[in-house]
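Read the structure below first, then the notes.
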Amino acid sequence: MNKLRLGLALTGSYCSFGKLAEALPELCRVFDILPIFSENALRDSRFGPAAGWRALLEETSGHTAVTTIAEAEPLGPQGRLDVLAVVPCTGNTLAKLSRGVTDTAVTMAAKGHLRNGKPLVIGVSTNDGLSGSAENIARLLARKNIYFVPFGQDDPAQKPCSLSLDYRRIVPAVEAAARGEQLQPLLV
């Protein structure tokens with residue numbers, strides 16, 4: 001049986017990269033992964049050098065990462081992906097996706113992918129999910145072919161507006177989206 005072709009798109013939620021790295025072996029076991037990085041995700045941060053995260057995804061997946069709008073543009077017309085997952089998805093990228101802004105490799109990949117009527121999975125990771133980004137999450141929940149990895153508050157006491165995806169549910173969320181279903185429960 002052929003593996004689903006999964007575009008795994010990372011945005012600049014640097015604190016989430018370690019959790020994604022822990023989930024990566026299972027993701028690569030289940031899916032054929034093409035890494036995609038937003039320009040912000042390719043910047044060094046206090047959570048590690050960008051080159052290290054890129055190398056990890058390229059080595060683990062066996063594919064060279066897509067890092068520019070020009071590289072991402074053909075993904076849609078070529079139909080190279082079965083599912084595209086934006087994990088982690090920052091509040092900034094949520095806003096861009098909800099408003100149709102295409103100015104990064106990730107948003108270009110999403111635009112082309114959705115144009116083909118294929119599923120886009122969003123893994124929310126934002127400190128303002130229950131404030132500034134709430135409207136964008138709601139707009140995306142109402143859109144056709146957009147699904148979410150179940151998410152919840154990651155630190156209600158210290159960061160009451162912060163939301164984060166449940167990294168253990170990426171695989172079942174992608175599999176459900178490939179069938180045209182939203183994995184439930186959505187809120188964890």
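Residue numbers start at 1 in each chain; chains themselves are named A, B, ... in the order of the structure tokens; ligands are numbered from 1 in the order shown.
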> When DSSP works through the backbone of this structure, what residues of chain A end up as helix (DSSP H, G or I), shown as JSON, numbers by chain?
Replying inline: {"A": [14, 15, 16, 17, 18, 19, 20, 21, 22, 23, 24, 25, 26, 27, 28, 29, 30, 40, 41, 42, 50, 51, 52, 53, 54, 55, 56, 57, 58, 59, 60, 61, 69, 70, 71, 72, 75, 76, 77, 78, 91, 92, 93, 94, 95, 96, 97, 98, 99, 105, 106, 107, 108, 109, 110, 111, 112, 113, 114, 115, 134, 135, 136, 137, 138, 139, 140, 141, 167, 168, 169, 170, 171, 172, 173, 174, 175, 176, 177, 178]}
>> If DSSP is run on the backbone, what residues of segment 13-181 of chain A are strand (DSSP E)? A reply as a ChimeraX atom specification would be ideal.
In response: /A:31-37,83-89,120-126,146-148,151-153,163-165
>> Which residues are close to Thr93 of chain A, i.e. within 12 Å by only C-alpha atoms, leaving aside same-chain residues fewer than 5 positions away? Reply as an MDAnalysis selection string.
In response: chainID A and resid 9:13 37:41 86:88 98:108 110 122:126 133 136:137 140
Quick one: contact table of segment 66-136 of chain A to segment 171-181 of chain A, 10 Å max, nearest atom pair and distance in Å to one decimal per residue, counting only C-alpha atoms, chain and number order, as a tab-separated table?
residue	atom	partner	partner_atom	distance
A:Asp82	CA	A:Ala178	CA	7.3
A:Val83	CA	A:Ala178	CA	6.5
A:Leu84	CA	A:Val174	CA	8.4
A:Ala85	CA	A:Val174	CA	7.4
A:Lys118	CA	A:Ala178	CA	8.1
A:Pro119	CA	A:Ala177	CA	5.9
A:Leu120	CA	A:Ala177	CA	7.6
A:Val121	CA	A:Val174	CA	6.6
A:Ile122	CA	A:Ala173	CA	9.4
A:Gly123	CA	A:Ala173	CA	9.5
>> Give me, as JSON, numbers by chain, all polymer residues having an atom no more than 10 Å from segment 26-31 of chain A, counting only C-alpha atoms and skipping those fewer than 3 positions away in the same chain.
In response: {"A": [2, 3, 4, 5, 6, 7, 8, 20, 21, 22, 23, 34, 57, 60, 61, 62, 83, 168, 170, 171, 174, 175]}
Could you turn the residues from that selection into a file that holds N, CA, C and O atoms, as a PDB file, in the first residue's frame?
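Once written, out-v3.pdb looks like this:
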ATOM      1  N   ASN A   2       0.546   2.199  -0.880  1.00  0.00           N
ATOM      2  CA  ASN A   2       1.308   3.430  -0.949  1.00  0.00           C
ATOM      3  C   ASN A   2       0.976   4.339   0.227  1.00  0.00           C
ATOM      4  O   ASN A   2      -0.168   4.432   0.649  1.00  0.00           O
ATOM      5  N   LYS A   3       1.998   5.017   0.722  1.00  0.00           N
ATOM      6  CA  LYS A   3       1.800   5.981   1.796  1.00  0.00           C
ATOM      7  C   LYS A   3       1.151   7.239   1.236  1.00  0.00           C
ATOM      8  O   LYS A   3       1.400   7.626   0.094  1.00  0.00           O
ATOM      9  N   LEU A   4       0.332   7.900   2.065  1.00  0.00           N
ATOM     10  CA  LEU A   4      -0.176   9.213   1.714  1.00  0.00           C
ATOM     11  C   LEU A   4       0.993  10.175   1.584  1.00  0.00           C
ATOM     12  O   LEU A   4       1.926  10.150   2.388  1.00  0.00           O
ATOM     13  N   ARG A   5       0.928  11.039   0.577  1.00  0.00           N
ATOM     14  CA  ARG A   5       1.959  12.067   0.385  1.00  0.00           C
ATOM     15  C   ARG A   5       1.535  13.288   1.196  1.00  0.00           C
ATOM     16  O   ARG A   5       0.542  13.937   0.877  1.00  0.00           O
ATOM     17  N   LEU A   6       2.293  13.573   2.250  1.00  0.00           N
ATOM     18  CA  LEU A   6       1.969  14.646   3.185  1.00  0.00           C
ATOM     19  C   LEU A   6       2.964  15.786   3.069  1.00  0.00           C
ATOM     20  O   LEU A   6       4.160  15.588   3.265  1.00  0.00           O
ATOM     21  N   GLY A   7       2.465  16.972   2.763  1.00  0.00           N
ATOM     22  CA  GLY A   7       3.280  18.165   2.879  1.00  0.00           C
ATOM     23  C   GLY A   7       3.244  18.593   4.334  1.00  0.00           C
ATOM     24  O   GLY A   7       2.168  18.799   4.887  1.00  0.00           O
ATOM     25  N   LEU A   8       4.393  18.652   4.974  1.00  0.00           N
ATOM     26  CA  LEU A   8       4.482  19.065   6.376  1.00  0.00           C
ATOM     27  C   LEU A   8       5.088  20.456   6.408  1.00  0.00           C
ATOM     28  O   LEU A   8       6.288  20.628   6.197  1.00  0.00           O
ATOM     29  N   LEU A  20       7.413  18.684  17.575  1.00  0.00           N
ATOM     30  CA  LEU A  20       7.256  18.125  16.237  1.00  0.00           C
ATOM     31  C   LEU A  20       8.365  17.117  15.947  1.00  0.00           C
ATOM     32  O   LEU A  20       8.109  16.064  15.358  1.00  0.00           O
ATOM     33  N   ALA A  21       9.572  17.415  16.391  1.00  0.00           N
ATOM     34  CA  ALA A  21      10.691  16.487  16.189  1.00  0.00           C
ATOM     35  C   ALA A  21      10.414  15.145  16.861  1.00  0.00           C
ATOM     36  O   ALA A  21      10.754  14.088  16.313  1.00  0.00           O
ATOM     37  N   GLU A  22       9.766  15.175  18.032  1.00  0.00           N
ATOM     38  CA  GLU A  22       9.411  13.923  18.714  1.00  0.00           C
ATOM     39  C   GLU A  22       8.375  13.136  17.931  1.00  0.00           C
ATOM     40  O   GLU A  22       8.373  11.902  17.944  1.00  0.00           O
ATOM     41  N   ALA A  23       7.471  13.821  17.251  1.00  0.00           N
ATOM     42  CA  ALA A  23       6.416  13.162  16.471  1.00  0.00           C
ATOM     43  C   ALA A  23       6.894  12.721  15.091  1.00  0.00           C
ATOM     44  O   ALA A  23       6.248  11.899  14.438  1.00  0.00           O
ATOM     45  N   LEU A  34       6.949  15.625   2.587  1.00  0.00           N
ATOM     46  CA  LEU A  34       7.688  16.687   1.926  1.00  0.00           C
ATOM     47  C   LEU A  34       7.713  17.874   2.885  1.00  0.00           C
ATOM     48  O   LEU A  34       6.671  18.470   3.160  1.00  0.00           O
ATOM     49  N   LEU A  57      14.467  17.492   9.333  1.00  0.00           N
ATOM     50  CA  LEU A  57      13.314  17.136   8.505  1.00  0.00           C
ATOM     51  C   LEU A  57      13.733  16.563   7.156  1.00  0.00           C
ATOM     52  O   LEU A  57      13.121  15.613   6.668  1.00  0.00           O
ATOM     53  N   THR A  60      15.236  12.959   7.835  1.00  0.00           N
ATOM     54  CA  THR A  60      14.219  12.005   8.278  1.00  0.00           C
ATOM     55  C   THR A  60      13.236  11.688   7.165  1.00  0.00           C
ATOM     56  O   THR A  60      12.827  10.534   7.000  1.00  0.00           O
ATOM     57  N   SER A  61      12.855  12.697   6.385  1.00  0.00           N
ATOM     58  CA  SER A  61      11.868  12.490   5.322  1.00  0.00           C
ATOM     59  C   SER A  61      12.479  11.969   4.032  1.00  0.00           C
ATOM     60  O   SER A  61      11.791  11.355   3.219  1.00  0.00           O
ATOM     61  N   GLY A  62      13.775  12.261   3.822  1.00  0.00           N
ATOM     62  CA  GLY A  62      14.416  11.875   2.575  1.00  0.00           C
ATOM     63  C   GLY A  62      14.125  12.825   1.419  1.00  0.00           C
ATOM     64  O   GLY A  62      14.422  12.521   0.268  1.00  0.00           O
ATOM     65  N   VAL A  83      -2.316  15.388   1.172  1.00  0.00           N
ATOM     66  CA  VAL A  83      -2.752  16.213   2.292  1.00  0.00           C
ATOM     67  C   VAL A  83      -1.614  17.187   2.595  1.00  0.00           C
ATOM     68  O   VAL A  83      -0.440  16.831   2.485  1.00  0.00           O
ATOM     69  N   ARG A 168       0.116  14.243  19.622  1.00  0.00           N
ATOM     70  CA  ARG A 168      -0.165  12.807  19.524  1.00  0.00           C
ATOM     71  C   ARG A 168      -1.282  12.520  18.524  1.00  0.00           C
ATOM     72  O   ARG A 168      -1.476  11.385  18.130  1.00  0.00           O
ATOM     73  N   ILE A 170      -1.675  14.133  15.447  1.00  0.00           N
ATOM     74  CA  ILE A 170      -1.398  14.572  14.078  1.00  0.00           C
ATOM     75  C   ILE A 170      -1.745  13.466  13.091  1.00  0.00           C
ATOM     76  O   ILE A 170      -2.458  13.696  12.112  1.00  0.00           O
ATOM     77  N   VAL A 171      -1.236  12.267  13.320  1.00  0.00           N
ATOM     78  CA  VAL A 171      -1.471  11.164  12.378  1.00  0.00           C
ATOM     79  C   VAL A 171      -2.964  10.895  12.202  1.00  0.00           C
ATOM     80  O   VAL A 171      -3.461  10.883  11.062  1.00  0.00           O
ATOM     81  N   VAL A 174      -4.651  13.758  10.202  1.00  0.00           N
ATOM     82  CA  VAL A 174      -4.339  13.735   8.768  1.00  0.00           C
ATOM     83  C   VAL A 174      -5.106  12.605   8.084  1.00  0.00           C
ATOM     84  O   VAL A 174      -5.680  12.801   7.002  1.00  0.00           O
ATOM     85  N   GLU A 175      -5.133  11.442   8.705  1.00  0.00           N
ATOM     86  CA  GLU A 175      -5.867  10.314   8.110  1.00  0.00           C
ATOM     87  C   GLU A 175      -7.356  10.624   7.989  1.00  0.00           C
ATOM     88  O   GLU A 175      -7.986  10.306   6.967  1.00  0.00           O
TER      89      GLU A 175
END
> In Å to one decimal, how far is atom CA of Arg143 of chain A from atom CA of Lys19 of chain A?
Replying inline: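 Distance reported for this atom pair: 27.4 Å.
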> So which one's closest to Arg80 of chain A, A:Leu97, A:Arg54, A:Asp32, A:Thr67? Using only C-alpha atoms, please.
Replying inline: A:Asp32
>> Would you compute the distance between atom CA of Pro35 of chain A and atom CA of Leu75 of chain A? Give it in Å to one decimal.
In response: 12.0 Å
> Quick one, how far is atom CA of Gln153 of chain A from atom CA of Ser45 of chain A?
Replying inline: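 Atom-to-atom, atom CA of Gln153 of chain A and atom CA of Ser45 of chain A are spaced 23.4 Å apart.
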>> Please determine, counting only C-alpha atoms, which residue among A:Leu24, A:Asn127, A:Ala134, A:Leu187 has the shortest atom-to-atom distance to Gln158 of chain A.
In response: A:Asn127
> Using only C-alpha atoms, which of A:Ile36, A:Ala157, A:Ala51, A:Ala138 sits nearest Ala65 of chain A?
Replying inline: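 Among the listed residues, A:Ile36 lies closest to Ala65 of chain A.
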> Which residues come within 9 Å of Gly117 of chain A, counting only C-alpha atoms, excluding same-chain residues fewer than 4 positions away, as a PyMOL selection string?
Replying inline: chain A and resi 113+144-145
